[in-house]
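S.K.: File my_file_2.cif below, mmCIF, N, CA and C atoms and all ligand atoms:
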```cif
data_entry
loop_
_atom_site.label_atom_id
_atom_site.label_comp_id
_atom_site.auth_asym_id
_atom_site.auth_seq_id
_atom_site.Cartn_x
_atom_site.Cartn_y
_atom_site.Cartn_z
N MET A 939 84.02 47.13 82.46
CA MET A 939 84.44 48.55 82.47
C MET A 939 85.15 48.89 81.17
N LYS A 940 84.95 50.11 80.72
CA LYS A 940 85.64 50.58 79.52
C LYS A 940 87.10 50.90 79.83
N LYS A 941 87.91 50.89 78.77
CA LYS A 941 89.34 51.12 78.98
C LYS A 941 89.73 52.55 78.59
N LEU A 942 90.57 53.12 79.42
CA LEU A 942 91.04 54.50 79.22
C LEU A 942 92.55 54.48 79.02
N LEU A 943 92.99 54.90 77.84
CA LEU A 943 94.42 55.08 77.60
C LEU A 943 94.85 56.35 78.32
N ILE A 944 95.95 56.30 79.06
CA ILE A 944 96.32 57.48 79.86
C ILE A 944 97.82 57.72 79.81
N SER A 945 98.21 58.98 79.70
CA SER A 945 99.63 59.34 79.76
C SER A 945 100.18 58.91 81.11
N ALA A 946 101.26 58.13 81.09
CA ALA A 946 101.78 57.54 82.33
C ALA A 946 102.18 58.61 83.34
N CYS A 947 102.65 59.77 82.87
CA CYS A 947 103.07 60.81 83.82
C CYS A 947 101.89 61.32 84.65
N LEU A 948 100.67 61.22 84.12
CA LEU A 948 99.49 61.65 84.88
C LEU A 948 99.17 60.66 86.00
N LEU A 949 99.69 59.45 85.87
CA LEU A 949 99.49 58.43 86.91
C LEU A 949 100.58 58.52 87.98
N GLY A 950 101.51 59.45 87.80
CA GLY A 950 102.57 59.62 88.79
C GLY A 950 103.89 59.01 88.40
N GLU A 951 103.96 58.48 87.18
CA GLU A 951 105.23 57.90 86.74
C GLU A 951 106.20 59.02 86.37
N ALA A 952 107.43 58.92 86.86
CA ALA A 952 108.42 59.99 86.62
C ALA A 952 109.08 59.79 85.25
N CYS A 953 108.31 59.96 84.20
CA CYS A 953 108.80 59.68 82.85
C CYS A 953 108.91 60.95 82.00
N ARG A 954 108.68 62.11 82.62
CA ARG A 954 108.78 63.36 81.85
C ARG A 954 110.23 63.70 81.54
N TYR A 955 110.41 64.60 80.60
CA TYR A 955 111.77 64.98 80.19
C TYR A 955 112.62 65.44 81.38
N ASP A 956 111.98 66.08 82.37
CA ASP A 956 112.72 66.61 83.52
C ASP A 956 112.87 65.59 84.65
N GLY A 957 112.49 64.36 84.37
CA GLY A 957 112.62 63.31 85.38
C GLY A 957 111.53 63.36 86.44
N LYS A 958 110.51 64.17 86.20
CA LYS A 958 109.42 64.29 87.16
C LYS A 958 108.14 63.69 86.58
N SER A 959 107.10 63.66 87.42
CA SER A 959 105.79 63.22 86.94
C SER A 959 104.84 64.41 86.97
N LYS A 960 103.63 64.19 86.54
CA LYS A 960 102.57 65.20 86.66
C LYS A 960 101.35 64.52 87.20
N GLY A 961 101.56 63.75 88.27
CA GLY A 961 100.49 62.92 88.82
C GLY A 961 99.25 63.72 89.19
N LEU A 962 98.10 63.16 88.85
CA LEU A 962 96.82 63.79 89.19
C LEU A 962 96.57 63.63 90.69
N ASP A 963 95.67 64.44 91.22
CA ASP A 963 95.30 64.30 92.63
C ASP A 963 94.79 62.88 92.89
N LEU A 964 95.04 62.38 94.08
CA LEU A 964 94.63 61.02 94.40
C LEU A 964 93.13 60.81 94.26
N SER A 965 92.35 61.85 94.63
CA SER A 965 90.89 61.70 94.53
C SER A 965 90.46 61.57 93.07
N VAL A 966 91.15 62.29 92.19
CA VAL A 966 90.82 62.21 90.76
C VAL A 966 91.21 60.84 90.22
N LEU A 967 92.40 60.37 90.64
CA LEU A 967 92.85 59.06 90.19
C LEU A 967 91.88 57.97 90.64
N GLU A 968 91.42 58.12 91.88
CA GLU A 968 90.47 57.15 92.42
C GLU A 968 89.19 57.15 91.59
N ALA A 969 88.70 58.32 91.26
CA ALA A 969 87.47 58.43 90.46
C ALA A 969 87.67 57.78 89.08
N LEU A 970 88.85 57.99 88.50
CA LEU A 970 89.13 57.38 87.18
C LEU A 970 89.19 55.86 87.30
N LYS A 971 89.84 55.38 88.37
CA LYS A 971 89.99 53.93 88.55
C LYS A 971 88.64 53.26 88.83
N ASN A 972 87.75 54.00 89.46
CA ASN A 972 86.42 53.44 89.74
C ASN A 972 85.59 53.33 88.48
N LYS A 973 85.95 54.11 87.47
CA LYS A 973 85.11 54.15 86.27
C LYS A 973 85.73 53.41 85.08
N PHE A 974 87.05 53.38 85.03
CA PHE A 974 87.73 52.82 83.85
C PHE A 974 88.84 51.85 84.25
N ILE A 975 89.19 50.99 83.31
CA ILE A 975 90.45 50.24 83.41
C ILE A 975 91.50 51.12 82.76
N LEU A 976 92.54 51.47 83.51
CA LEU A 976 93.54 52.42 83.01
C LEU A 976 94.66 51.69 82.26
N ILE A 977 94.96 52.18 81.08
CA ILE A 977 96.02 51.59 80.25
C ILE A 977 97.10 52.67 80.06
N PRO A 978 98.20 52.62 80.83
CA PRO A 978 99.21 53.68 80.73
C PRO A 978 100.14 53.52 79.53
N ILE A 979 100.52 54.64 78.95
CA ILE A 979 101.53 54.65 77.89
C ILE A 979 102.40 55.90 78.07
N CYS A 980 103.68 55.78 77.71
CA CYS A 980 104.52 56.97 77.59
C CYS A 980 105.23 56.87 76.25
N PRO A 981 104.70 57.52 75.24
CA PRO A 981 105.26 57.38 73.89
C PRO A 981 106.74 57.73 73.81
N GLU A 982 107.19 58.68 74.60
CA GLU A 982 108.61 59.09 74.48
C GLU A 982 109.53 58.00 75.03
N VAL A 983 109.19 57.46 76.18
CA VAL A 983 109.99 56.36 76.72
C VAL A 983 109.88 55.14 75.79
N MET A 984 108.69 54.89 75.28
CA MET A 984 108.49 53.73 74.39
C MET A 984 109.24 53.91 73.07
N GLY A 985 109.57 55.13 72.74
CA GLY A 985 110.34 55.40 71.53
C GLY A 985 111.84 55.29 71.75
N GLY A 986 112.25 54.99 72.98
CA GLY A 986 113.67 54.78 73.26
C GLY A 986 114.37 55.97 73.88
N LEU A 987 113.63 56.99 74.26
CA LEU A 987 114.27 58.16 74.89
C LEU A 987 114.49 57.88 76.38
N SER A 988 115.61 58.39 76.89
CA SER A 988 115.90 58.16 78.30
C SER A 988 115.27 59.27 79.15
N THR A 989 115.22 59.02 80.44
CA THR A 989 114.66 60.00 81.39
C THR A 989 115.68 60.22 82.51
N PRO A 990 116.03 61.44 82.85
CA PRO A 990 115.59 62.68 82.19
C PRO A 990 116.24 62.85 80.82
N ARG A 991 115.67 63.78 80.06
CA ARG A 991 116.19 64.05 78.71
C ARG A 991 116.05 65.55 78.45
N LEU A 992 116.74 66.02 77.45
CA LEU A 992 116.57 67.43 77.08
C LEU A 992 115.14 67.62 76.59
N SER A 993 114.64 68.84 76.66
CA SER A 993 113.27 69.08 76.20
C SER A 993 113.22 69.06 74.67
N ASN A 994 112.04 68.77 74.18
CA ASN A 994 111.83 68.62 72.72
C ASN A 994 110.57 69.38 72.32
N GLU A 995 110.57 69.88 71.10
CA GLU A 995 109.37 70.57 70.61
C GLU A 995 109.14 70.20 69.15
N ARG A 996 107.87 70.15 68.77
CA ARG A 996 107.53 69.93 67.35
C ARG A 996 107.84 71.21 66.58
N LYS A 997 108.44 71.01 65.41
CA LYS A 997 108.69 72.16 64.54
C LYS A 997 108.38 71.72 63.12
N GLU A 998 107.32 72.27 62.57
CA GLU A 998 106.80 71.80 61.28
C GLU A 998 106.62 70.28 61.32
N ASP A 999 107.26 69.53 60.42
CA ASP A 999 107.03 68.08 60.41
C ASP A 999 108.08 67.31 61.21
N LYS A 1000 108.88 68.00 61.99
CA LYS A 1000 109.94 67.33 62.75
C LYS A 1000 109.75 67.54 64.26
N VAL A 1001 110.53 66.80 65.05
CA VAL A 1001 110.65 67.12 66.49
C VAL A 1001 112.12 67.43 66.73
N ILE A 1002 112.35 68.56 67.35
CA ILE A 1002 113.71 69.06 67.56
C ILE A 1002 114.01 69.09 69.05
N ARG A 1003 115.20 68.63 69.42
CA ARG A 1003 115.63 68.71 70.81
C ARG A 1003 116.16 70.12 71.07
N SER A 1004 116.27 70.50 72.36
CA SER A 1004 116.67 71.88 72.67
C SER A 1004 118.09 72.20 72.18
N ASP A 1005 118.90 71.16 71.92
CA ASP A 1005 120.23 71.43 71.32
C ASP A 1005 120.18 71.37 69.79
N GLN A 1006 118.94 71.39 69.26
CA GLN A 1006 118.66 71.45 67.82
C GLN A 1006 118.84 70.11 67.08
N LYS A 1007 119.08 69.03 67.83
CA LYS A 1007 119.17 67.73 67.17
C LYS A 1007 117.77 67.27 66.73
N ASP A 1008 117.72 66.66 65.55
CA ASP A 1008 116.45 66.13 65.04
C ASP A 1008 116.18 64.77 65.71
N VAL A 1009 115.11 64.71 66.51
CA VAL A 1009 114.78 63.47 67.22
C VAL A 1009 113.45 62.89 66.75
N THR A 1010 113.04 63.29 65.56
CA THR A 1010 111.72 62.90 65.04
C THR A 1010 111.50 61.39 65.08
N ARG A 1011 112.53 60.61 64.72
CA ARG A 1011 112.32 59.16 64.59
C ARG A 1011 111.96 58.51 65.93
N PHE A 1012 112.50 59.02 67.02
CA PHE A 1012 112.14 58.46 68.34
C PHE A 1012 110.66 58.72 68.65
N PHE A 1013 110.21 59.89 68.28
CA PHE A 1013 108.82 60.26 68.55
C PHE A 1013 107.85 59.45 67.69
N HIS A 1014 108.24 59.21 66.43
CA HIS A 1014 107.38 58.40 65.56
C HIS A 1014 107.32 56.95 66.06
N LEU A 1015 108.48 56.41 66.42
CA LEU A 1015 108.53 55.03 66.91
C LEU A 1015 107.67 54.88 68.17
N GLY A 1016 107.84 55.80 69.10
CA GLY A 1016 107.06 55.73 70.34
C GLY A 1016 105.57 55.89 70.08
N ALA A 1017 105.22 56.75 69.15
CA ALA A 1017 103.81 56.96 68.83
C ALA A 1017 103.20 55.67 68.25
N PHE A 1018 103.94 54.99 67.37
CA PHE A 1018 103.42 53.75 66.79
C PHE A 1018 103.30 52.66 67.86
N ARG A 1019 104.27 52.58 68.74
CA ARG A 1019 104.20 51.56 69.80
C ARG A 1019 103.02 51.83 70.74
N ALA A 1020 102.83 53.09 71.08
CA ALA A 1020 101.70 53.43 71.97
C ALA A 1020 100.37 53.19 71.25
N LEU A 1021 100.35 53.47 69.95
CA LEU A 1021 99.12 53.20 69.18
C LEU A 1021 98.79 51.71 69.22
N ASN A 1022 99.80 50.86 69.09
CA ASN A 1022 99.56 49.41 69.13
C ASN A 1022 98.93 49.00 70.44
N ILE A 1023 99.38 49.60 71.53
CA ILE A 1023 98.79 49.27 72.84
C ILE A 1023 97.32 49.71 72.88
N ALA A 1024 97.05 50.88 72.32
CA ALA A 1024 95.66 51.36 72.27
C ALA A 1024 94.79 50.39 71.45
N LEU A 1025 95.33 49.92 70.33
CA LEU A 1025 94.57 49.01 69.46
C LEU A 1025 94.37 47.65 70.13
N GLU A 1026 95.45 47.11 70.69
CA GLU A 1026 95.37 45.79 71.33
C GLU A 1026 94.36 45.80 72.47
N ASN A 1027 94.29 46.90 73.18
CA ASN A 1027 93.41 46.97 74.35
C ASN A 1027 92.00 47.47 74.03
N GLU A 1028 91.79 47.85 72.79
CA GLU A 1028 90.47 48.36 72.37
C GLU A 1028 89.97 49.44 73.33
N VAL A 1029 90.81 50.44 73.53
CA VAL A 1029 90.44 51.51 74.46
C VAL A 1029 89.27 52.33 73.90
N THR A 1030 88.49 52.87 74.80
CA THR A 1030 87.32 53.67 74.40
C THR A 1030 87.62 55.17 74.45
N TYR A 1031 88.45 55.56 75.43
CA TYR A 1031 88.80 56.97 75.60
C TYR A 1031 90.31 57.10 75.83
N ALA A 1032 90.80 58.33 75.68
CA ALA A 1032 92.20 58.60 76.03
C ALA A 1032 92.25 59.88 76.85
N LEU A 1033 93.14 59.88 77.83
CA LEU A 1033 93.40 61.06 78.66
C LEU A 1033 94.89 61.36 78.55
N LEU A 1034 95.22 62.46 77.88
CA LEU A 1034 96.62 62.72 77.54
C LEU A 1034 97.07 64.07 78.07
N LYS A 1035 98.38 64.16 78.28
CA LYS A 1035 98.97 65.34 78.93
C LYS A 1035 99.11 66.51 77.94
N GLU A 1036 98.41 67.57 78.28
CA GLU A 1036 98.44 68.77 77.44
C GLU A 1036 99.84 69.36 77.33
N LYS A 1037 100.14 69.96 76.21
CA LYS A 1037 101.37 70.72 75.92
C LYS A 1037 102.58 69.84 75.60
N SER A 1038 102.46 68.54 75.73
CA SER A 1038 103.60 67.66 75.42
C SER A 1038 103.75 67.51 73.90
N PRO A 1039 104.99 67.45 73.40
CA PRO A 1039 105.17 67.26 71.95
C PRO A 1039 104.67 65.89 71.47
N SER A 1040 104.46 64.96 72.41
CA SER A 1040 103.87 63.66 72.06
C SER A 1040 102.37 63.64 72.36
N CYS A 1041 102.02 64.00 73.59
CA CYS A 1041 100.67 63.77 74.10
C CYS A 1041 99.75 65.00 74.07
N GLY A 1042 100.26 66.16 73.71
CA GLY A 1042 99.43 67.38 73.71
C GLY A 1042 98.13 67.18 72.95
N VAL A 1043 97.04 67.70 73.51
CA VAL A 1043 95.72 67.50 72.90
C VAL A 1043 95.25 68.73 72.14
N HIS A 1044 95.42 69.90 72.75
CA HIS A 1044 94.96 71.13 72.11
C HIS A 1044 96.10 72.11 71.85
N GLN A 1045 97.15 72.02 72.65
CA GLN A 1045 98.22 73.02 72.57
C GLN A 1045 99.58 72.36 72.73
N ILE A 1046 100.55 72.84 71.98
CA ILE A 1046 101.95 72.41 72.20
C ILE A 1046 102.86 73.63 72.00
N TYR A 1047 104.12 73.48 72.36
CA TYR A 1047 105.08 74.57 72.14
C TYR A 1047 105.50 74.59 70.67
N ASP A 1048 105.88 75.77 70.22
CA ASP A 1048 105.95 76.01 68.77
C ASP A 1048 107.28 75.67 68.08
N GLY A 1049 108.23 75.12 68.84
CA GLY A 1049 109.49 74.72 68.21
C GLY A 1049 110.58 75.78 68.29
N THR A 1050 110.29 76.89 68.98
CA THR A 1050 111.30 77.95 69.13
C THR A 1050 111.95 77.93 70.52
N PHE A 1051 111.46 77.06 71.40
CA PHE A 1051 111.96 76.96 72.78
C PHE A 1051 111.90 78.31 73.50
N THR A 1052 110.82 79.04 73.23
CA THR A 1052 110.61 80.33 73.90
C THR A 1052 109.32 80.29 74.74
N LYS A 1053 108.87 79.08 75.07
CA LYS A 1053 107.64 78.88 75.86
C LYS A 1053 106.40 79.43 75.15
N THR A 1054 106.45 79.43 73.82
CA THR A 1054 105.31 79.93 73.04
C THR A 1054 104.40 78.77 72.63
N LEU A 1055 103.15 78.84 73.07
CA LEU A 1055 102.19 77.78 72.76
C LEU A 1055 101.44 78.07 71.46
N ILE A 1056 101.14 77.02 70.72
CA ILE A 1056 100.31 77.15 69.52
C ILE A 1056 99.22 76.08 69.55
N PRO A 1057 98.12 76.31 68.86
CA PRO A 1057 97.10 75.27 68.82
C PRO A 1057 97.52 74.14 67.87
N ARG A 1058 97.98 73.04 68.42
CA ARG A 1058 98.40 71.89 67.63
C ARG A 1058 98.46 70.68 68.56
N GLU A 1059 98.40 69.48 67.97
CA GLU A 1059 98.47 68.27 68.78
C GLU A 1059 99.89 67.73 68.84
N GLY A 1060 100.14 66.89 69.84
CA GLY A 1060 101.39 66.15 69.89
C GLY A 1060 101.38 65.06 68.81
N ILE A 1061 102.56 64.52 68.55
CA ILE A 1061 102.70 63.51 67.49
C ILE A 1061 101.87 62.26 67.77
N PHE A 1062 101.88 61.81 69.01
CA PHE A 1062 101.09 60.61 69.33
C PHE A 1062 99.60 60.91 69.22
N THR A 1063 99.18 62.03 69.75
CA THR A 1063 97.75 62.38 69.70
C THR A 1063 97.27 62.45 68.25
N GLU A 1064 98.09 63.02 67.40
CA GLU A 1064 97.72 63.15 65.99
C GLU A 1064 97.54 61.76 65.36
N LEU A 1065 98.48 60.84 65.65
CA LEU A 1065 98.39 59.49 65.09
C LEU A 1065 97.16 58.76 65.64
N LEU A 1066 96.96 58.89 66.94
CA LEU A 1066 95.81 58.23 67.58
C LEU A 1066 94.50 58.69 66.94
N LYS A 1067 94.39 59.99 66.69
CA LYS A 1067 93.17 60.53 66.07
C LYS A 1067 92.96 59.99 64.67
N LYS A 1068 94.08 59.84 63.94
CA LYS A 1068 93.99 59.34 62.57
C LYS A 1068 93.55 57.89 62.52
N LYS A 1069 94.03 57.10 63.48
CA LYS A 1069 93.86 55.64 63.39
C LYS A 1069 92.70 55.10 64.22
N LEU A 1070 92.26 55.84 65.21
CA LEU A 1070 91.21 55.33 66.11
C LEU A 1070 90.15 56.40 66.31
N ASP A 1071 88.92 55.98 66.18
CA ASP A 1071 87.83 56.94 66.35
C ASP A 1071 87.40 56.95 67.82
N ILE A 1072 88.25 57.54 68.68
CA ILE A 1072 87.90 57.61 70.10
C ILE A 1072 87.96 59.06 70.56
N LYS A 1073 87.29 59.32 71.67
CA LYS A 1073 87.31 60.69 72.19
C LYS A 1073 88.57 60.85 73.05
N ILE A 1074 89.27 61.97 72.81
CA ILE A 1074 90.53 62.22 73.51
C ILE A 1074 90.38 63.46 74.40
N PHE A 1075 90.76 63.33 75.66
CA PHE A 1075 90.65 64.42 76.63
C PHE A 1075 92.04 64.81 77.12
N SER A 1076 92.18 66.06 77.52
CA SER A 1076 93.41 66.47 78.20
C SER A 1076 93.13 66.44 79.71
N GLU A 1077 94.17 66.63 80.51
CA GLU A 1077 93.98 66.62 81.97
C GLU A 1077 93.15 67.81 82.44
N LEU A 1078 92.89 68.75 81.56
CA LEU A 1078 92.04 69.89 81.93
C LEU A 1078 90.56 69.60 81.66
N GLU A 1079 90.30 68.40 81.14
CA GLU A 1079 88.92 68.05 80.75
C GLU A 1079 88.43 66.79 81.47
N ILE A 1080 88.98 66.54 82.64
CA ILE A 1080 88.64 65.29 83.34
C ILE A 1080 87.18 65.25 83.79
N GLU A 1081 86.66 66.41 84.16
CA GLU A 1081 85.24 66.44 84.57
C GLU A 1081 84.35 65.90 83.47
N GLU A 1082 84.64 66.37 82.25
CA GLU A 1082 83.86 65.93 81.09
C GLU A 1082 84.05 64.43 80.86
N LEU A 1083 85.29 63.97 81.00
CA LEU A 1083 85.59 62.54 80.82
C LEU A 1083 84.80 61.69 81.82
N LEU A 1084 84.75 62.16 83.06
CA LEU A 1084 84.06 61.38 84.09
C LEU A 1084 82.55 61.33 83.88
N LYS A 1085 82.04 62.20 83.03
CA LYS A 1085 80.60 62.16 82.74
C LYS A 1085 80.27 61.20 81.60
N MET A 1086 81.30 60.68 80.91
CA MET A 1086 81.05 59.83 79.76
C MET A 1086 80.50 58.48 80.20
N ASP A 1087 79.71 57.84 79.33
CA ASP A 1087 79.16 56.50 79.65
C ASP A 1087 80.25 55.45 79.56
S1 LIG A 1101 105.35 61.43 76.41
FE1 LIG A 1101 103.30 61.69 77.26
S2 LIG A 1101 103.25 60.20 78.92
FE2 LIG A 1101 105.39 60.48 78.42
S3 LIG A 1101 106.09 62.08 79.81
FE3 LIG A 1101 105.47 63.09 77.93
S4 LIG A 1101 103.35 63.67 78.30
FE4 LIG A 1101 103.87 62.15 79.82
#
```
Would you mind writing the file's structure down as structure tokens?
M.R.:
Amino acid sequence: MKKLLISACLLGEACRYDGKSKGLDLSVLEALKNKFILIPICPEVMGGLSTPRLSNERKEDKVIRSDQKDVTRFFHLGAFRALNIALENEVTYALLKEKSPSCGVHQIYDGTFTKTLIPREGIFTELLKKKLDIKIFSELEIEELLKMD
């Protein structure tokens, strides 16, 4: 079976900034498990951030916490650690959580903390794209992912 890198919060792990998860429906999880070996990562936790934590947004080349602290280094560290797991496991696909400053695939918040979305990737997604030639899906594209060979 091919390996699928997956945002841990989509598997039901309570690793999001608000201490919650974003677990997929059980039937969807079952379909993914029947087709792929799942390799979970949470770049933010792997970067040393605690859960729950204040929310964070990408702003230009930095990541800023909602109290305006620069937390970029935690995000870079976590992204590199998650990338290593992707490389070690030779994953074929990735399924990442949309809108996250780490895992966002097509959209993230714009750094103003006003719930404004912009077309941009999370820090981890950007690194993964640069270093690995794999197809990356968001949780809104699972149907397409399940059709892949
Ligand atoms: S960093 Fe990724 S895996 Fe971790 S909580 Fe955020 S979206 Fe989920």
S.K.: Given 5 Å of margin on each side, can you work out the centre and size in Å (one decimal) of an axis-aligned box holding every listed atom of ligand LIG 1101 (chain A), as JSON?
M.R.:
```
{"center_x": 104.7, "center_y": 61.9, "center_z": 78.1, "size_x": 12.8, "size_y": 13.5, "size_z": 13.4}
```
S.K.: DSSP says strand (DSSP E or B) for which residues of chain A? Put them as a PyMOL selection string?
M.R.: chain A and resi 940-945+974-979+994-997+1000-1003+1008+1031-1034+1037+1045-1047+1055-1057+1073-1076
S.K.: Quick one: everything within 8 Å of segment 1049-1062 of chain A, counting all atoms listed in the file, minus sequence neighbours fewer than 5 positions away in the same chain. Send it as number ranges by chain.
M.R.: A: 981, 994-998, 1001-1002, 1004, 1013-1014, 1016-1018, 1020-1021, 1036-1044, 1067-1068
S.K.: Please write out the residues within 6 Å of ligand LIG 1101 (chain A) as a VMD selection string, counting all atoms listed in the file.
M.R.: chain A and resid 945 to 948 953 to 955 979 to 983 1035 1038 1040 to 1041
S.K.: Could you save those same residues with N, CA and C atoms as a compact mmCIF listing (two decimals), in the coordinates of the input?
M.R.:
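See result_34.txt below for the written result:
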```txt
# COMPACT_ATOMS: atom_id res chain seq x y z
N SER A 945 98.21 58.98 79.70
CA SER A 945 99.63 59.34 79.76
C SER A 945 100.18 58.91 81.11
N ALA A 946 101.26 58.13 81.09
CA ALA A 946 101.78 57.54 82.33
C ALA A 946 102.18 58.61 83.34
N CYS A 947 102.65 59.77 82.87
CA CYS A 947 103.07 60.81 83.82
C CYS A 947 101.89 61.32 84.65
N LEU A 948 100.67 61.22 84.12
CA LEU A 948 99.49 61.65 84.88
C LEU A 948 99.17 60.66 86.00
N CYS A 953 108.31 59.96 84.20
CA CYS A 953 108.80 59.68 82.85
C CYS A 953 108.91 60.95 82.00
N ARG A 954 108.68 62.11 82.62
CA ARG A 954 108.78 63.36 81.85
C ARG A 954 110.23 63.70 81.54
N TYR A 955 110.41 64.60 80.60
CA TYR A 955 111.77 64.98 80.19
C TYR A 955 112.62 65.44 81.38
N ILE A 979 100.52 54.64 78.95
CA ILE A 979 101.53 54.65 77.89
C ILE A 979 102.40 55.90 78.07
N CYS A 980 103.68 55.78 77.71
CA CYS A 980 104.52 56.97 77.59
C CYS A 980 105.23 56.87 76.25
N PRO A 981 104.70 57.52 75.24
CA PRO A 981 105.26 57.38 73.89
C PRO A 981 106.74 57.73 73.81
N GLU A 982 107.19 58.68 74.60
CA GLU A 982 108.61 59.09 74.48
C GLU A 982 109.53 58.00 75.03
N VAL A 983 109.19 57.46 76.18
CA VAL A 983 109.99 56.36 76.72
C VAL A 983 109.88 55.14 75.79
N LYS A 1035 98.38 64.16 78.28
CA LYS A 1035 98.97 65.34 78.93
C LYS A 1035 99.11 66.51 77.94
N SER A 1038 102.46 68.54 75.73
CA SER A 1038 103.60 67.66 75.42
C SER A 1038 103.75 67.51 73.90
N SER A 1040 104.46 64.96 72.41
CA SER A 1040 103.87 63.66 72.06
C SER A 1040 102.37 63.64 72.36
N CYS A 1041 102.02 64.00 73.59
CA CYS A 1041 100.67 63.77 74.10
C CYS A 1041 99.75 65.00 74.07
```
S.K.: Between A:Ile1023, A:Asp956, A:Ile1046, A:Tyr1031, which is the closest to Lys973 of chain A once you count only C-alpha atoms?
M.R.: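 Nearest to Lys973 of chain A: A:Tyr1031.
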S.K.: Go through A:Thr989, A:Asn972, A:Gln1045, A:Ser959 one by one, measure the shortest atom-to-atom distance of each to Glu1064 of chain A using only C-alpha atoms, and give the residue with the smallest value.
M.R.: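 Of all the options, A:Gln1045 lies closest to Glu1064 of chain A.
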S.K.: Smallest atom-to-atom distance to Ile975 of chain A: which of A:Lys1073, A:Lys940, A:Lys1007, A:Lys960, using only N, CA and C atoms?
M.R.: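 That would be A:Lys940, the residue with the smallest distance to Ile975 of chain A.
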S.K.: Of the candidates A:Asp1048, A:Leu943, A:Thr1010, A:Thr1063, which one gets nearest to Ala1024 of chain A if we count all atoms listed in the file?
M.R.: A:Leu943
S.K.: Just to confirm, what's the straight-line distance from atom CA of Asp1005 of chain A to atom CA of Glu951 of chain A in Å (one decimal)?
M.R.: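 Going from atom CA of Asp1005 of chain A over to atom CA of Glu951 of chain A covers 25.4 Å.
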S.K.: Quick one: distance from atom CA of Val1029 of chain A to atom CA of Glu1077 of chain A in Å, one decimal?
M.R.: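 Interatomic distance here is 17.2 Å.
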S.K.: Calculate how many Å separate atom CA of Phe1075 of chain A from atom CA of Leu1015 of chain A, rounding to one decimal.
M.R.: 22.4 Å
